[in-house]
Every structure is written in structure tokens, then in C-alpha cells.
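Following: one structure in C-alpha cells, then a few remarks.
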Amino acid sequence: MARSAATCKQPSVSSSIVTADDVTKIYRRGSKPGRFARAVGRSAPPTVSAVDSVSVTVSNEEIVGLAGPSGSGKSTLLHLLAGLEQPTDGTVSFQETDLATLSKRERTRHRLEHIGIVFQQFHLLDSLSARANVALPLVELGVSKRQRRKQATELLEQVGLKDRITHRPRELSGGEQQRVAIARALVTGPALVVADEPTGELDTETGRAILQAFKQVAENRAVVLASHDQETLEICDRVIRLQDGTITERPTEETPTQ
């Protein structure tokens, strides 16, 4: 079931982690047919507006769901909030810092230090153990090998993989691989964790276990889940529904979206 209205955390200036303010993301479409937007003049290249004038704030210890059919813009909005994409118009601010003011190198560092990303396809390296996969972001941050092993081991134990630490991805089930991906997303202590269809490749029982893990993750950070799965959306404090790149429904505290 969804969290009760009494436990919903509403955005505030002090607890805001990431804010998208009137953001639009436009992609070139080449000559493919589709919904074109903002092409100026006959010679302008065809474009498609994946997200159109959307505003959203995500606060600390809040789980926000992004819902909508394929092509609704939920994955694009998720990538904008995570700093994986830059908006064509509007601003995305992380704890009051406009991400557009950062250089490409600074944005990469920002994601490493502050954003945990859980991809639908896991993106684990087959040649590495579960522990080595989890520790990868710490390698980029220059953390010592001893500390990397310690942090990765502790996180894998926390997600129930104490006996699978040295196993490689091909030796793990889909649910176990997803737990490794979650541990990797948490290893740098990020303020924001984002996940795109986190249960899309899992069976029902395993998916429920993963959702429980996300509820625990949200105890001390912000979480954004993009999904069309009803059971996934039910763990969210609130759900933002998108259609054709715009928000179609914004729930209130008194009526949490189911």
C-alpha cells in the first residue's frame, strides 16, 4: 500500500534535494514522423519535445514516482533530475545549485558524489565480482582499496547478499543483480537515488523484495522511481503522472496517488 497521508513529506526550501523548474527537453528527430515542437522556419530541423514545461521538487526522505505510458517523458525527466541530461529550457537545481552552471567534468563528479542511479538493465560488469561492481564508483573518487572493499562489503550485507559477495553477475539471479545495482547506487552516500523501471525485469515476488529495499533507502535520502507498474507506484509518497511530456495529474497530501 502507499504511504499514508500523514507520512507524506511535502517539499520545503530546507529539505529540497532537487528541483526542476519549467524544464523542457527537445530532441532532434531527423526525418522521422512524430510530434514536432518548436521548429522555427522551414529550414529548422524536425524536433520532438520529450518533456515540455515541467516543474517538480523532490525533498529529503521522500519517494516520488514518475508514471505514464511509454513515450510519456518519465525516463527523460528522471535523467534530467539525475543530471544525465541537460534541459533545453528551464533549470534543474540540486540543493540550490543550477546544474547548468557546472562544466561537463563537474557534472560527472556531481553525479558520482551525490546521485545514485539504478538502471533497468543493471549494467553490471560480468568480469567483476559483486563487491567489485559495487565499489566501482569509489575507484573514480580515489577511495583506497581497503576502504572500497569495506564499504562495498557492508552494503552487500545490508541488501541481503552476505553470501554472494565474491560471485559474478552471471552467477546471480535477476533479483540479486538488482540488489547489487542498488548497493552500487548507495556506495557514495548519495542524497538522491533514481531508478528507471526498477522491477521491470523481475518476477512478482522478487520485485516486492526490491521495493522493500527502496523503502529502506528512502529513510535518509530522496528517491525518484520512474515506472508504469502499479505496485511500484504504491510505495511512493506521491506520484506525478505524465502524458506527452507534460504533467497530467499532481496528487495532494490529502489524497496520495494509488
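Identifiers in the C-alpha cells: chain A, B, ... in order shown; residue index from 1 per chain; ligand index from 1 in order shown.
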With a cut-off of 6 Å, could you pull out the residues of region 50-87 of chain A touching region 15-29 of chain A and give me the nearest pair of atoms for each, distance in Å to one decimal, using only C-alpha atoms, ordered by chain and ascending number, as a Markdown table?
```
| residue | atom | partner | partner_atom | distance |
| --- | --- | --- | --- | --- |
| A:Ala50 | CA | A:Lys25 | CA | 5.7 |
| A:Val51 | CA | A:Thr24 | CA | 5.0 |
| A:Asp52 | CA | A:Thr24 | CA | 4.4 |
| A:Ser53 | CA | A:Asp22 | CA | 4.4 |
| A:Val54 | CA | A:Asp22 | CA | 4.8 |
| A:Ser55 | CA | A:Asp21 | CA | 4.6 |
| A:Val56 | CA | A:Ala20 | CA | 5.2 |
| A:Thr57 | CA | A:Thr19 | CA | 4.3 |
| A:Val58 | CA | A:Val18 | CA | 5.5 |
| A:Ser59 | CA | A:Ser16 | CA | 4.3 |
| A:Asn60 | CA | A:Ser15 | CA | 5.4 |
| A:Pro87 | CA | A:Lys25 | CA | 5.0 |
```
Serialized selection, N, CA and C atoms, as a PDB file, in the first residue's frame:
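File produced: again33.pdb:
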```pdb
ATOM      1  N   ALA A  50      10.331  15.922 -25.607  1.00  0.00           N
ATOM      2  CA  ALA A  50      10.146  14.764 -24.725  1.00  0.00           C
ATOM      3  C   ALA A  50       9.563  15.183 -23.386  1.00  0.00           C
ATOM      4  N   VAL A  51       9.968  16.369 -22.905  1.00  0.00           N
ATOM      5  CA  VAL A  51       9.414  16.965 -21.683  1.00  0.00           C
ATOM      6  C   VAL A  51       9.122  18.411 -21.995  1.00  0.00           C
ATOM      7  N   ASP A  52       7.938  18.877 -21.623  1.00  0.00           N
ATOM      8  CA  ASP A  52       7.513  20.218 -22.027  1.00  0.00           C
ATOM      9  C   ASP A  52       7.006  21.016 -20.828  1.00  0.00           C
ATOM     10  N   SER A  53       7.820  21.978 -20.366  1.00  0.00           N
ATOM     11  CA  SER A  53       7.444  22.914 -19.297  1.00  0.00           C
ATOM     12  C   SER A  53       6.979  22.196 -18.033  1.00  0.00           C
ATOM     13  N   VAL A  54       7.834  21.332 -17.509  1.00  0.00           N
ATOM     14  CA  VAL A  54       7.509  20.552 -16.310  1.00  0.00           C
ATOM     15  C   VAL A  54       8.270  21.105 -15.108  1.00  0.00           C
ATOM     16  N   SER A  55       7.572  21.199 -13.981  1.00  0.00           N
ATOM     17  CA  SER A  55       8.194  21.636 -12.730  1.00  0.00           C
ATOM     18  C   SER A  55       7.915  20.609 -11.636  1.00  0.00           C
ATOM     19  N   VAL A  56       8.945  20.259 -10.885  1.00  0.00           N
ATOM     20  CA  VAL A  56       8.788  19.293  -9.790  1.00  0.00           C
ATOM     21  C   VAL A  56       9.925  19.480  -8.797  1.00  0.00           C
ATOM     22  N   THR A  57       9.611  19.302  -7.517  1.00  0.00           N
ATOM     23  CA  THR A  57      10.616  19.350  -6.453  1.00  0.00           C
ATOM     24  C   THR A  57      10.571  18.050  -5.674  1.00  0.00           C
ATOM     25  N   VAL A  58      11.748  17.502  -5.393  1.00  0.00           N
ATOM     26  CA  VAL A  58      11.841  16.269  -4.612  1.00  0.00           C
ATOM     27  C   VAL A  58      12.619  16.576  -3.339  1.00  0.00           C
ATOM     28  N   SER A  59      12.052  16.185  -2.203  1.00  0.00           N
ATOM     29  CA  SER A  59      12.646  16.508  -0.908  1.00  0.00           C
ATOM     30  C   SER A  59      13.306  15.314  -0.255  1.00  0.00           C
ATOM     31  N   ASN A  60      14.076  15.593   0.778  1.00  0.00           N
ATOM     32  CA  ASN A  60      14.761  14.548   1.515  1.00  0.00           C
ATOM     33  C   ASN A  60      13.766  13.579   2.152  1.00  0.00           C
ATOM     34  N   PRO A  87      18.561  20.221 -19.663  1.00  0.00           N
ATOM     35  CA  PRO A  87      17.321  20.714 -20.283  1.00  0.00           C
ATOM     36  C   PRO A  87      17.600  21.682 -21.424  1.00  0.00           C
TER      37      PRO A  87
END
```
Practice item. Determine, counting only C-alpha atoms, which protein, DNA and RNA residues have an atom within 8 Å of an atom of region 99-105 of chain A; residues of the same chain fewer than 5 positions away are not included. Present the result as a ChimeraX atom specification. Key: /A:83,86,91-94
Residues of the last selection are to be written out with C-alpha atoms, as an mmCIF file, in the first residue's frame.
```cif
data_model
loop_
_atom_site.group_PDB
_atom_site.id
_atom_site.type_symbol
_atom_site.label_atom_id
_atom_site.label_comp_id
_atom_site.auth_asym_id
_atom_site.auth_seq_id
_atom_site.Cartn_x
_atom_site.Cartn_y
_atom_site.Cartn_z
ATOM 1 C CA GLY A 83 21.908 15.300 -14.263
ATOM 2 C CA GLN A 86 20.625 18.895 -19.644
ATOM 3 C CA THR A 91 16.641 24.845 -14.854
ATOM 4 C CA VAL A 92 17.455 21.803 -12.752
ATOM 5 C CA SER A 93 18.865 22.710 -9.353
ATOM 6 C CA PHE A 94 20.461 20.317 -6.896
#
```
Point to revise | alpha helix (DSSP H) residues, from DSSP on the backbone, in region 53-108 of chain A, as a PyMOL selection string | key: chain A and resi 74-82+104-108
Practice item. Find the residues around Arg241 (chain A) up to 6 Å (only C-alpha atoms counted), leave out those fewer than 6 positions away in its own chain, and share them as a VMD selection string. Key: chain A and resid 66 to 68 247 to 249
Written selection (C-alpha atoms) as a PDB file, in the first residue's frame:
```pdb
ATOM      1  CA  LEU A  66       7.008   9.236 -12.222  1.00  0.00           C
ATOM      2  CA  ALA A  67       4.213   7.433 -14.040  1.00  0.00           C
ATOM      3  CA  GLY A  68       2.951   7.306 -17.587  1.00  0.00           C
ATOM      4  CA  ILE A 247       2.127  16.638 -16.136  1.00  0.00           C
ATOM      5  CA  THR A 248      -1.462  15.423 -16.251  1.00  0.00           C
ATOM      6  CA  GLU A 249      -2.009  14.773 -12.555  1.00  0.00           C
TER       7      GLU A 249
END
```
With only C-alpha atoms as the counted atoms, please give the residues lying no more than 12 Å from Pro169 (chain A), apart from itself and same-chain residues fewer than 3 positions off, as an mmCIF file with C-alpha atoms, in the first residue's frame.
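Produced file around.cif, reproduced below:
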```
data_model
loop_
_atom_site.group_PDB
_atom_site.id
_atom_site.type_symbol
_atom_site.label_atom_id
_atom_site.label_comp_id
_atom_site.auth_asym_id
_atom_site.auth_seq_id
_atom_site.Cartn_x
_atom_site.Cartn_y
_atom_site.Cartn_z
ATOM 1 C CA GLN A 121 19.237 -3.434 -17.178
ATOM 2 C CA PHE A 122 21.532 -3.285 -14.078
ATOM 3 C CA HIS A 123 24.715 -2.508 -16.125
ATOM 4 C CA LEU A 124 26.963 -4.737 -14.039
ATOM 5 C CA LEU A 125 30.372 -5.781 -15.356
ATOM 6 C CA ASP A 126 30.451 -9.551 -15.907
ATOM 7 C CA SER A 127 34.185 -9.782 -15.280
ATOM 8 C CA LEU A 128 33.910 -8.349 -11.748
ATOM 9 C CA SER A 129 32.565 -9.776 -8.518
ATOM 10 C CA ALA A 130 29.503 -8.297 -6.828
ATOM 11 C CA ARG A 131 31.792 -6.459 -4.400
ATOM 12 C CA ALA A 132 33.985 -5.057 -7.168
ATOM 13 C CA ASN A 133 30.913 -3.869 -9.079
ATOM 14 C CA VAL A 134 29.607 -2.057 -6.014
ATOM 15 C CA ARG A 164 27.217 -13.676 -2.653
ATOM 16 C CA ILE A 165 29.917 -11.028 -2.291
ATOM 17 C CA THR A 166 32.507 -12.778 -4.466
ATOM 18 C CA LEU A 172 23.411 -14.283 -9.535
ATOM 19 C CA SER A 173 19.660 -14.261 -10.061
ATOM 20 C CA GLY A 174 17.903 -11.209 -11.511
ATOM 21 C CA GLY A 175 16.838 -10.071 -8.054
ATOM 22 C CA GLU A 176 20.348 -10.490 -6.695
ATOM 23 C CA GLN A 177 21.785 -8.490 -9.582
ATOM 24 C CA GLN A 178 19.290 -5.717 -8.872
ATOM 25 C CA ARG A 179 20.364 -5.695 -5.217
ATOM 26 C CA VAL A 180 23.982 -5.337 -6.348
ATOM 27 C CA ALA A 181 22.912 -2.400 -8.535
#
```
Check your understanding: In Å, with one decimal, what is the gap from CA of Ala218 (chain A) to CA of Leu80 (chain A)?
Key ->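 That distance, rounded to one decimal, is 19.8 Å.
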